[in-house]
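Listing of final11.tsv; format and content: TSV, C-alpha atoms.
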```tsv
chain	number	residue	atom	x	y	z
A	1	MET	CA	0.00	0.00	0.00
A	2	GLU	CA	1.89	3.03	-1.27
A	3	ILE	CA	1.09	6.55	-0.18
A	4	ASN	CA	2.16	9.93	-1.50
A	5	ILE	CA	4.79	12.00	0.26
A	6	GLY	CA	4.83	15.75	0.76
A	7	ILE	CA	8.07	17.42	1.86
A	8	SER	CA	7.55	20.53	3.99
A	9	ASN	CA	10.20	23.19	3.78
A	10	ARG	CA	10.49	25.62	6.69
A	11	HIS	CA	7.31	27.71	6.98
A	12	VAL	CA	5.25	29.90	9.25
A	13	HIS	CA	1.59	29.83	10.34
A	14	LEU	CA	0.26	33.14	11.68
A	15	LYS	CA	-2.62	34.37	13.80
A	16	GLN	CA	-4.35	37.48	12.46
A	17	SER	CA	-3.01	39.77	15.19
A	18	ASP	CA	0.54	38.84	14.12
A	19	VAL	CA	-0.35	39.30	10.43
A	20	ASP	CA	-1.45	42.82	11.43
A	21	ILE	CA	1.92	43.54	13.02
A	22	LEU	CA	4.03	41.93	10.27
A	23	PHE	CA	2.12	43.16	7.21
A	24	GLY	CA	-0.16	45.98	8.39
A	25	GLU	CA	-3.50	46.45	10.17
A	26	ASN	CA	-6.24	44.10	8.83
A	27	TYR	CA	-3.87	42.78	6.14
A	28	GLN	CA	-5.26	39.70	4.34
A	29	LEU	CA	-2.85	36.93	3.32
A	30	THR	CA	-2.69	36.34	-0.45
A	31	LYS	CA	-3.03	32.80	-1.77
A	32	LEU	CA	-0.18	31.74	-4.05
A	33	LYS	CA	-1.25	28.12	-4.53
A	34	ASP	CA	-3.33	25.43	-2.91
A	35	LEU	CA	-1.60	22.70	-0.94
A	36	THR	CA	-2.71	19.07	-1.01
A	37	GLN	CA	-4.59	19.37	2.29
A	38	GLN	CA	-8.01	20.93	1.64
A	39	GLY	CA	-8.23	24.63	2.52
A	40	GLN	CA	-4.49	24.98	3.14
A	41	TYR	CA	-2.41	27.17	0.85
A	42	ALA	CA	1.00	28.70	0.33
A	43	CYS	CA	0.88	32.49	0.51
A	44	VAL	CA	2.65	35.08	-1.58
A	45	GLU	CA	3.92	36.52	1.70
A	46	LYS	CA	7.35	35.64	3.07
A	47	VAL	CA	9.03	36.54	6.34
A	48	THR	CA	12.48	36.38	7.90
A	49	ILE	CA	12.94	34.24	11.01
A	50	LYS	CA	15.60	35.46	13.37
A	51	THR	CA	17.48	34.54	16.54
A	52	GLU	CA	20.38	36.11	18.39
A	53	LYS	CA	22.75	33.93	16.37
A	54	SER	CA	21.44	34.16	12.83
A	55	GLU	CA	18.47	34.54	10.52
A	56	ILE	CA	16.81	32.84	7.57
A	57	SER	CA	15.00	34.95	4.99
A	58	ASN	CA	12.32	34.09	2.43
A	59	VAL	CA	10.39	31.80	4.76
A	60	ARG	CA	6.96	31.06	3.27
A	61	VAL	CA	3.79	31.93	5.16
A	62	LEU	CA	1.04	29.29	4.89
A	63	GLY	CA	-2.64	30.17	5.07
A	64	PRO	CA	-5.30	30.48	6.23
A	65	VAL	CA	-4.55	32.27	9.51
A	66	ARG	CA	-4.74	30.07	12.61
A	67	ASN	CA	-5.46	30.90	16.23
A	68	TYR	CA	-1.77	30.51	17.03
A	69	THR	CA	1.53	31.51	15.42
A	70	GLN	CA	3.92	28.66	14.70
A	71	VAL	CA	7.30	28.39	12.98
A	72	GLU	CA	8.27	24.97	11.60
A	73	ILE	CA	11.93	24.40	10.79
A	74	SER	CA	14.32	21.48	10.26
A	75	LYS	CA	17.13	20.36	12.56
A	76	THR	CA	19.53	21.74	9.92
A	77	ASP	CA	17.85	25.15	10.21
A	78	SER	CA	18.02	24.93	14.02
A	79	PHE	CA	21.84	24.66	13.91
A	80	LYS	CA	22.05	27.75	11.72
A	81	LEU	CA	19.73	29.60	14.10
A	82	GLY	CA	21.40	28.29	17.26
A	83	ILE	CA	18.19	26.99	18.85
A	84	ASN	CA	17.00	23.55	19.91
A	85	PRO	CA	13.28	23.25	19.12
A	86	PRO	CA	11.37	20.16	20.23
A	87	VAL	CA	9.76	17.67	17.83
A	88	ARG	CA	6.04	18.42	18.09
A	89	ASP	CA	2.66	18.07	16.44
A	90	SER	CA	1.20	21.27	15.02
A	91	GLY	CA	-0.34	23.42	17.76
A	92	ASP	CA	1.47	21.64	20.61
A	93	LEU	CA	3.68	24.61	21.43
A	94	ASN	CA	4.11	24.55	25.22
A	95	ASN	CA	7.76	25.26	26.05
A	96	SER	CA	8.78	25.14	22.39
A	97	SER	CA	11.49	27.52	21.15
A	98	SER	CA	11.33	31.29	21.05
A	99	ILE	CA	12.01	33.09	17.79
A	100	THR	CA	11.51	36.44	16.09
A	101	ILE	CA	9.50	36.82	12.89
A	102	VAL	CA	10.24	39.85	10.73
A	103	GLY	CA	7.80	41.15	8.14
A	104	PRO	CA	7.78	44.26	5.93
A	105	LYS	CA	5.80	46.33	8.47
A	106	GLY	CA	7.01	45.03	11.82
A	107	SER	CA	8.33	42.11	13.81
A	108	VAL	CA	6.93	39.67	16.37
A	109	SER	CA	8.99	37.91	19.02
A	110	ILE	CA	7.30	34.78	20.33
A	111	ASP	CA	8.36	33.12	23.60
A	112	GLU	CA	7.30	29.77	22.24
A	113	GLY	CA	6.06	28.53	18.86
A	114	CYS	CA	9.11	27.28	16.99
A	115	ILE	CA	9.12	23.49	16.50
A	116	ILE	CA	10.45	20.67	14.37
A	117	ALA	CA	7.28	19.00	13.05
A	118	THR	CA	6.70	15.33	13.80
A	119	ARG	CA	6.68	13.01	10.84
A	120	HIS	CA	2.95	12.53	10.21
A	121	ILE	CA	0.32	11.08	7.93
A	122	HIS	CA	-2.91	12.88	7.08
A	123	ALA	CA	-5.76	10.41	6.58
A	124	THR	CA	-9.53	10.01	6.77
A	125	LYS	CA	-11.25	7.32	8.84
A	126	GLU	CA	-11.78	5.43	5.59
A	127	ASP	CA	-8.06	5.69	4.76
A	128	VAL	CA	-6.89	4.25	8.10
A	129	LYS	CA	-9.43	1.43	7.74
A	130	MET	CA	-8.22	0.67	4.23
A	131	LEU	CA	-4.60	0.77	5.42
A	132	GLY	CA	-5.39	-1.53	8.35
A	133	ILE	CA	-4.06	0.96	10.89
A	134	GLU	CA	-7.29	1.91	12.69
A	135	GLY	CA	-6.72	3.02	16.26
A	136	LEU	CA	-2.94	3.37	15.91
A	137	ASP	CA	-1.30	6.63	17.00
A	138	LYS	CA	1.93	5.95	15.16
A	139	VAL	CA	3.34	3.75	12.43
A	140	SER	CA	6.65	3.36	10.64
A	141	VAL	CA	7.05	3.89	6.92
A	142	ARG	CA	9.47	2.33	4.45
A	143	ILE	CA	11.03	4.57	1.84
A	144	PRO	CA	12.61	2.77	-1.15
A	145	GLY	CA	15.73	3.85	-2.99
A	146	GLU	CA	19.48	4.20	-2.88
A	147	LYS	CA	19.34	6.00	0.49
A	148	GLY	CA	16.08	4.46	1.61
A	149	GLY	CA	15.12	2.85	4.89
A	150	VAL	CA	12.47	3.13	7.55
A	151	LEU	CA	11.19	6.22	9.36
A	152	ASP	CA	9.78	5.52	12.83
A	153	ASN	CA	7.33	7.50	14.96
A	154	VAL	CA	5.11	8.69	12.15
A	155	HIS	CA	2.01	10.18	13.79
A	156	ILE	CA	-1.42	9.41	12.32
A	157	LYS	CA	-3.73	12.43	12.06
A	158	VAL	CA	-7.32	11.63	11.14
A	159	ASP	CA	-9.87	14.14	9.87
A	160	PRO	CA	-12.68	13.90	7.32
A	161	SER	CA	-11.13	16.78	5.35
A	162	TYR	CA	-7.68	15.20	4.99
A	163	SER	CA	-6.07	13.84	1.84
A	164	LEU	CA	-3.94	10.75	2.40
A	165	GLU	CA	-0.34	11.96	2.48
A	166	LEU	CA	2.87	11.47	4.47
A	167	HIS	CA	4.44	14.76	5.55
A	168	LEU	CA	8.18	14.90	6.20
A	169	ASP	CA	10.63	17.74	6.70
A	170	THR	CA	13.48	18.55	4.33
A	171	ASP	CA	16.09	16.71	6.44
A	172	ASP	CA	14.21	13.42	6.12
A	173	GLY	CA	13.36	14.21	2.50
A	174	ASN	CA	16.95	14.97	1.53
A	175	GLY	CA	18.57	12.25	3.67
A	176	PHE	CA	16.38	9.65	1.97
A	177	LEU	CA	16.64	11.29	-1.47
A	178	ILE	CA	12.86	11.56	-1.67
A	179	GLY	CA	11.74	12.89	-5.05
A	180	LYS	CA	8.42	13.90	-6.55
A	181	ASP	CA	7.53	10.31	-7.40
A	182	THR	CA	8.84	8.54	-4.30
A	183	LYS	CA	6.11	6.63	-2.42
A	184	ALA	CA	6.08	5.42	1.17
A	185	ILE	CA	4.93	2.01	2.35
A	186	ILE	CA	3.30	1.79	5.78
A	187	ILE	CA	4.69	-0.70	8.29
A	188	LYS	CA	2.57	-1.36	11.35
B	189	MET	CA	25.85	-4.47	19.26
B	190	GLU	CA	26.07	-0.68	19.27
B	191	ILE	CA	28.57	1.24	17.17
B	192	ASN	CA	29.66	4.86	17.17
B	193	ILE	CA	28.45	7.33	14.57
B	194	GLY	CA	30.43	10.06	12.85
B	195	ILE	CA	28.54	12.75	10.93
B	196	SER	CA	30.47	14.15	7.97
B	197	ASN	CA	29.74	17.73	7.03
B	198	ARG	CA	30.54	18.77	3.45
B	199	HIS	CA	34.29	18.54	2.82
B	200	VAL	CA	36.99	18.35	0.19
B	201	HIS	CA	39.87	15.93	-0.43
B	202	LEU	CA	42.67	17.28	-2.63
B	203	LYS	CA	45.51	15.96	-4.74
B	204	GLN	CA	48.79	17.82	-4.32
B	205	SER	CA	48.67	19.43	-7.77
B	206	ASP	CA	45.34	21.01	-6.84
B	207	VAL	CA	46.71	22.10	-3.43
B	208	ASP	CA	49.44	23.85	-5.40
B	209	ILE	CA	46.88	25.74	-7.47
B	210	LEU	CA	44.52	26.58	-4.59
B	211	PHE	CA	47.09	27.47	-1.92
B	212	GLY	CA	50.41	28.00	-3.73
B	213	GLU	CA	53.28	25.97	-5.19
B	214	ASN	CA	54.37	23.09	-2.88
B	215	TYR	CA	51.98	24.25	-0.17
B	216	GLN	CA	51.60	21.72	2.66
B	217	LEU	CA	48.18	21.24	4.29
B	218	THR	CA	48.10	22.13	8.01
B	219	LYS	CA	46.59	19.64	10.44
B	220	LEU	CA	43.87	21.16	12.64
B	221	LYS	CA	42.81	17.96	14.38
B	222	ASP	CA	42.89	14.21	13.96
B	223	LEU	CA	39.75	12.42	12.83
B	224	THR	CA	38.69	9.04	14.22
B	225	GLN	CA	40.07	7.15	11.21
B	226	GLN	CA	43.83	6.68	11.66
B	227	GLY	CA	45.96	9.11	9.64
B	228	GLN	CA	42.98	11.24	8.56
B	229	TYR	CA	42.70	14.81	9.77
B	230	ALA	CA	40.76	18.03	9.40
B	231	CYS	CA	42.92	20.82	8.01
B	232	VAL	CA	43.09	24.47	8.92
B	233	GLU	CA	42.49	25.18	5.23
B	234	LYS	CA	39.03	25.93	3.87
B	235	VAL	CA	37.79	26.50	0.34
B	236	THR	CA	34.69	27.73	-1.44
B	237	ILE	CA	32.81	25.32	-3.69
B	238	LYS	CA	31.04	26.94	-6.57
B	239	THR	CA	28.67	26.22	-9.44
B	240	GLU	CA	26.93	28.40	-11.99
B	241	LYS	CA	23.98	28.71	-9.63
B	242	SER	CA	25.54	29.34	-6.26
B	243	GLU	CA	28.45	28.76	-3.90
B	244	ILE	CA	29.19	27.50	-0.39
B	245	SER	CA	32.12	28.98	1.51
B	246	ASN	CA	34.13	27.69	4.48
B	247	VAL	CA	34.23	24.11	3.24
B	248	ARG	CA	36.80	22.15	5.24
B	249	VAL	CA	39.74	20.45	3.51
B	250	LEU	CA	40.59	16.99	4.91
B	251	GLY	CA	44.12	15.61	4.87
B	252	PRO	CA	46.35	14.00	3.93
B	253	VAL	CA	46.41	14.69	0.20
B	254	ARG	CA	45.04	11.89	-1.98
B	255	ASN	CA	45.72	10.94	-5.57
B	256	TYR	CA	42.36	12.38	-6.58
B	257	THR	CA	40.35	15.51	-5.74
B	258	GLN	CA	36.87	14.86	-4.37
B	259	VAL	CA	34.10	17.08	-3.03
B	260	GLU	CA	31.54	15.45	-0.72
B	261	ILE	CA	28.27	17.28	-0.16
B	262	SER	CA	24.75	16.53	1.06
B	263	LYS	CA	21.56	16.47	-1.00
B	264	THR	CA	20.60	19.71	0.77
B	265	ASP	CA	23.83	21.31	-0.46
B	266	SER	CA	23.19	19.98	-3.96
B	267	PHE	CA	19.88	21.89	-4.17
B	268	LYS	CA	21.62	25.10	-3.15
B	269	LEU	CA	24.33	24.47	-5.76
B	270	GLY	CA	21.91	23.35	-8.47
B	271	ILE	CA	23.67	20.06	-9.21
B	272	ASN	CA	22.68	16.41	-8.94
B	273	PRO	CA	25.68	14.41	-7.71
B	274	PRO	CA	25.44	10.61	-7.56
B	275	VAL	CA	25.67	8.61	-4.30
B	276	ARG	CA	29.13	7.05	-4.41
B	277	ASP	CA	31.91	5.48	-2.39
B	278	SER	CA	35.01	7.60	-1.97
B	279	GLY	CA	37.20	7.49	-5.07
B	280	ASP	CA	34.41	6.19	-7.36
B	281	LEU	CA	34.15	9.41	-9.33
B	282	ASN	CA	33.36	8.34	-12.89
B	283	ASN	CA	30.66	10.63	-14.30
B	284	SER	CA	30.11	12.31	-10.95
B	285	SER	CA	29.30	16.03	-10.85
B	286	SER	CA	31.52	18.86	-11.98
B	287	ILE	CA	32.27	21.70	-9.57
B	288	THR	CA	34.70	24.55	-9.04
B	289	ILE	CA	36.91	24.80	-5.94
B	290	VAL	CA	38.18	28.24	-5.00
B	291	GLY	CA	41.18	28.77	-2.71
B	292	PRO	CA	43.13	31.86	-1.69
B	293	LYS	CA	45.65	31.52	-4.53
B	294	GLY	CA	43.59	30.09	-7.36
B	295	SER	CA	40.70	27.90	-8.43
B	296	VAL	CA	40.26	24.43	-9.88
B	297	SER	CA	37.29	23.33	-11.99
B	298	ILE	CA	36.86	19.57	-12.02
B	299	ASP	CA	34.73	17.79	-14.66
B	300	GLU	CA	33.90	15.09	-12.17
B	301	GLY	CA	34.59	14.57	-8.45
B	302	CYS	CA	31.57	15.90	-6.60
B	303	ILE	CA	29.52	13.16	-4.91
B	304	ILE	CA	27.09	12.44	-2.11
B	305	ALA	CA	28.93	9.84	-0.01
B	306	THR	CA	27.34	6.46	0.55
B	307	ARG	CA	26.36	5.63	4.11
B	308	HIS	CA	29.26	3.43	5.24
B	309	ILE	CA	30.87	1.60	8.14
B	310	HIS	CA	34.62	1.51	8.68
B	311	ALA	CA	35.69	-1.78	10.26
B	312	THR	CA	38.56	-4.22	10.59
B	313	LYS	CA	38.30	-7.92	9.71
B	314	GLU	CA	38.02	-8.58	13.43
B	315	ASP	CA	35.17	-6.07	13.75
B	316	VAL	CA	33.08	-7.64	10.98
B	317	LYS	CA	33.68	-11.08	12.50
B	318	MET	CA	32.61	-9.83	15.92
B	319	LEU	CA	29.53	-8.16	14.38
B	320	GLY	CA	28.62	-11.32	12.48
B	321	ILE	CA	28.64	-9.53	9.14
B	322	GLU	CA	31.65	-11.15	7.47
B	323	GLY	CA	31.42	-11.18	3.70
B	324	LEU	CA	28.52	-8.72	3.51
B	325	ASP	CA	28.84	-5.68	1.24
B	326	LYS	CA	25.98	-3.82	2.86
B	327	VAL	CA	23.88	-3.83	6.01
B	328	SER	CA	21.10	-1.73	7.48
B	329	VAL	CA	21.44	0.13	10.76
B	330	ARG	CA	18.83	1.06	13.33
B	331	ILE	CA	19.02	4.52	14.90
B	332	PRO	CA	17.04	4.99	18.13
B	333	GLY	CA	15.24	8.16	19.17
B	334	GLU	CA	12.29	10.44	18.57
B	335	LYS	CA	13.06	10.63	14.84
B	336	GLY	CA	14.82	7.28	14.64
B	337	GLY	CA	14.40	4.45	12.17
B	338	VAL	CA	16.47	2.31	9.85
B	339	LEU	CA	19.03	3.39	7.28
B	340	ASP	CA	19.47	0.94	4.39
B	341	ASN	CA	22.36	0.41	1.99
B	342	VAL	CA	25.15	1.04	4.47
B	343	HIS	CA	28.37	-0.07	2.76
B	344	ILE	CA	30.95	-2.05	4.74
B	345	LYS	CA	34.55	-0.93	4.23
B	346	VAL	CA	37.17	-3.21	5.74
B	347	ASP	CA	40.80	-2.27	6.36
B	348	PRO	CA	43.27	-3.16	9.13
B	349	SER	CA	43.75	0.56	9.87
B	350	TYR	CA	40.06	1.35	10.37
B	351	SER	CA	38.30	2.24	13.60
B	352	LEU	CA	34.78	0.85	13.89
B	353	GLU	CA	32.45	3.73	13.03
B	354	LEU	CA	29.32	4.46	10.99
B	355	HIS	CA	29.73	7.50	8.73
B	356	LEU	CA	26.63	9.45	7.69
B	357	ASP	CA	26.11	12.80	6.03
B	358	THR	CA	24.43	15.79	7.70
B	359	ASP	CA	21.05	15.10	6.05
B	360	ASP	CA	20.83	11.65	7.63
B	361	GLY	CA	22.32	12.98	10.87
B	362	ASN	CA	19.86	15.85	11.15
B	363	GLY	CA	16.81	13.96	9.87
B	364	PHE	CA	17.38	11.31	12.54
B	365	LEU	CA	18.42	13.86	15.22
B	366	ILE	CA	21.72	12.04	15.69
B	367	GLY	CA	23.71	13.56	18.53
B	368	LYS	CA	27.19	13.00	19.95
B	369	ASP	CA	26.02	10.04	22.03
B	370	THR	CA	23.64	8.39	19.56
B	371	LYS	CA	24.67	4.82	18.72
B	372	ALA	CA	23.68	2.67	15.74
B	373	ILE	CA	22.63	-0.98	15.88
B	374	ILE	CA	23.51	-3.17	12.91
B	375	ILE	CA	20.73	-5.13	11.22
B	376	LYS	CA	21.81	-7.81	8.80
```

Could you spell out this file's structure in C-alpha cells?
Amino acid sequence: MEINIGISNRHVHLKQSDVDILFGENYQLTKLKDLTQQGQYACVEKVTIKTEKSEISNVRVLGPVRNYTQVEISKTDSFKLGINPPVRDSGDLNNSSSITIVGPKGSVSIDEGCIIATRHIHATKEDVKMLGIEGLDKVSVRIPGEKGGVLDNVHIKVDPSYSLELHLDTDDGNGFLIGKDTKAIIIK
Amino acid sequence: MEINIGISNRHVHLKQSDVDILFGENYQLTKLKDLTQQGQYACVEKVTIKTEKSEISNVRVLGPVRNYTQVEISKTDSFKLGINPPVRDSGDLNNSSSITIVGPKGSVSIDEGCIIATRHIHATKEDVKMLGIEGLDKVSVRIPGEKGGVLDNVHIKVDPSYSLELHLDTDDGNGFLIGKDTKAIIIK
C-alpha cells in the first residue's frame, strides 16, 4: 500500500493579530497556490525568522490564519539559528522555542512557537481502515531507494477533510533522497 | 551491538597538484585535528565550492592529500548548488558532478569529483567477524530516538587501519536527530 509524500520546507503559520503587526492592520494573506490538504495554501507573503545567532530569509507563510503563530523548521535550520526546538505536532507549542519573525511592516517575538514537526500522515477514517491501521497513533514507513530505509514514529492524524499523504521535513526528504515520485509504504 | 556514529559535514579531499593551485606551489596542508580514522585529519584550510547557480564557503579540507580531488556534499547542499551528484563510495568518481573549488591563490574546476557519499561503516576484519557480518557488502542500521528508524544500503569498508564507526552525512544525521552520544545498531 503506497502513499504519497509531501516534503515541507520551513514555513510559518500566523494568527491574524501577528499578520497585522508583520504586514499591516487588517492585512489579508494572499493565496499563491493550494496545498494538497483541503483549505491549506502557500501564501505570496514571506518573512524572515531570526534569533540572536542568525536569521533565515524568504520563509513562506502558509494560510489560512490560525489561532496561534507557529514556525516549523528542520534540525539543519536549528543549527544555523542556534536553537533547539522540540519535535512536536502542530499546535502543541508549550515550552517550544522562542524566535523572532520579521515582516515588511514590523516584527513579532514569540516566547514559544518554533518546532520541528513530527513526521505525520494525514488520513480520513476510511483511509486508516483501508490501510489496516485503525486506532494506531503511530506507524513506521518504508522509503525505497538508494538511500532508503524506515522512518519511525510517524504520527497518524485523522480528519474527514484530509487527503492521504505522508508529511516529512526537508532533512528526512533529503537524507532519503525523496523525489516527486517517491512513495512510502506503511509498516505497522 | 552498538557502534559509534560520525557525521560528515561537506568537505573536500585534494591531490597535491590542486593544493598547489589553490594554496600555492608546494603548499603543505596544516593539520587542525585528527579524525577518528587513523591518519585522517581536518585541516586548517578551507575552500569555497562553486557552481553556476551558487556557492558554499568555508568548506573544510581533509588531509592527507590523496591521488584524486573529491568534493563530498549533502543532497541539501546539492539543491543550493543546483547540481545532482550521484551517491558514491570515496574514489568512485566516474561521471560524478563537476564543480569549481576556490582557494586563496587560485581555483580548480573539475569535470567530475563531486559526490554524495554512501552511508558506510569503517571496520577491521576482526570487527566484521565480531559483528557477524563477514562477507557482507551492505547492512542496514537502526538509529534509536524520537526521529529514529532504519538506514538501508550502508556499505561495509574493511581495512586493518580502520576504527569501527558508521559514517553518515548531515542530512541523515539531522533527519534522525543524531547527537554526539547516539549509537547505531547493525541489522543484517

Using all atoms listed in the file, what does the table of chain B residues within 6 Å of chain A look like, with each row giving the shortest atom pair and its distance in Å to one decimal, sorted by chain and ascending number, as JSON lines?
```
{"residue": "B:Lys263", "atom": "CA", "partner": "A:Asn174", "partner_atom": "CA", "distance": 5.5}
{"residue": "B:Gly336", "atom": "CA", "partner": "A:Asp152", "partner_atom": "CA", "distance": 5.6}
{"residue": "B:Gly337", "atom": "CA", "partner": "A:Leu151", "partner_atom": "CA", "distance": 4.6}
{"residue": "B:Val338", "atom": "CA", "partner": "A:Val150", "partner_atom": "CA", "distance": 4.7}
{"residue": "B:Leu339", "atom": "CA", "partner": "A:Gly149", "partner_atom": "CA", "distance": 4.6}
{"residue": "B:Asp340", "atom": "CA", "partner": "A:Gly149", "partner_atom": "CA", "distance": 4.8}
{"residue": "B:Asp359", "atom": "CA", "partner": "A:Gly175", "partner_atom": "CA", "distance": 4.5}
{"residue": "B:Asp360", "atom": "CA", "partner": "A:Gly175", "partner_atom": "CA", "distance": 4.6}
{"residue": "B:Asn362", "atom": "CA", "partner": "A:Lys75", "partner_atom": "CA", "distance": 5.5}
{"residue": "B:Gly363", "atom": "CA", "partner": "A:Asp171", "partner_atom": "CA", "distance": 4.5}
```

If we count only C-alpha atoms, what is near Asp111 (chain A) at a cut-off of 10 Å, once residues fewer than 4 positions away on the same chain are taken out, given as a short mmCIF file (atom, residue, chain, number, x, y, z; two decimals) with C-alpha atoms, in the frame of the given file?
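Final output, saved to selection-v9.cif:
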```cif
data_model
loop_
_atom_site.label_atom_id
_atom_site.label_comp_id
_atom_site.auth_asym_id
_atom_site.auth_seq_id
_atom_site.Cartn_x
_atom_site.Cartn_y
_atom_site.Cartn_z
CA LEU A 93 3.68 24.61 21.43
CA ASN A 94 4.11 24.55 25.22
CA ASN A 95 7.76 25.26 26.05
CA SER A 96 8.78 25.14 22.39
CA SER A 97 11.49 27.52 21.15
CA SER A 98 11.33 31.29 21.05
CA ILE A 99 12.01 33.09 17.79
CA THR A 100 11.51 36.44 16.09
#
```

Just want the 9 Å neighbourhood of Gly294 (chain B), counted on only C-alpha atoms, with same-chain residues fewer than 2 positions away dropped. Output as number ranges by chain.
B: 208-212, 289-292, 296

Please provide the set of residues having any atom within 9 Å of Ile244 (chain B), restricted to all atoms listed in the file, with same-chain residues fewer than 2 positions apart removed, written as a PyMOL selection string.
chain B and resi 235-238+242+246-247+265+268-269

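Using only C-alpha atoms, the smallest distance between any of B:Lys345, B:Arg254, B:Lys371, B:Lys221 and Glu233 (chain B) comes from B:Lys221.
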
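Between CA of Leu220 (chain B) and CA of Glu260 (chain B) the separation is 19.1 Å.
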
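For the set A:His122, A:Arg60, A:Lys46, A:Lys180, the residue with the smallest atom-to-atom gap to Ile73 (chain A) is A:Arg60, counting all atoms listed in the file.
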
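Straight-line separation from CA of Ile321 (chain B) to CA of Ile374 (chain B): 9.0 Å.
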
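Compared by their closest atoms to Asn84 (chain A), and using only C-alpha atoms, the residues A:Ser8, A:Pro64, A:Glu112, A:Tyr27 rank with A:Glu112 nearest.
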
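From CA of Gln70 (chain A) back to CA of Ser90 (chain A), the distance works out to 7.9 Å.
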
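The residue that comes closest to Ala305 (chain B), out of B:Asn192, B:His355, B:Tyr229, B:Gly270 and on the basis of all atoms listed in the file, is B:His355.
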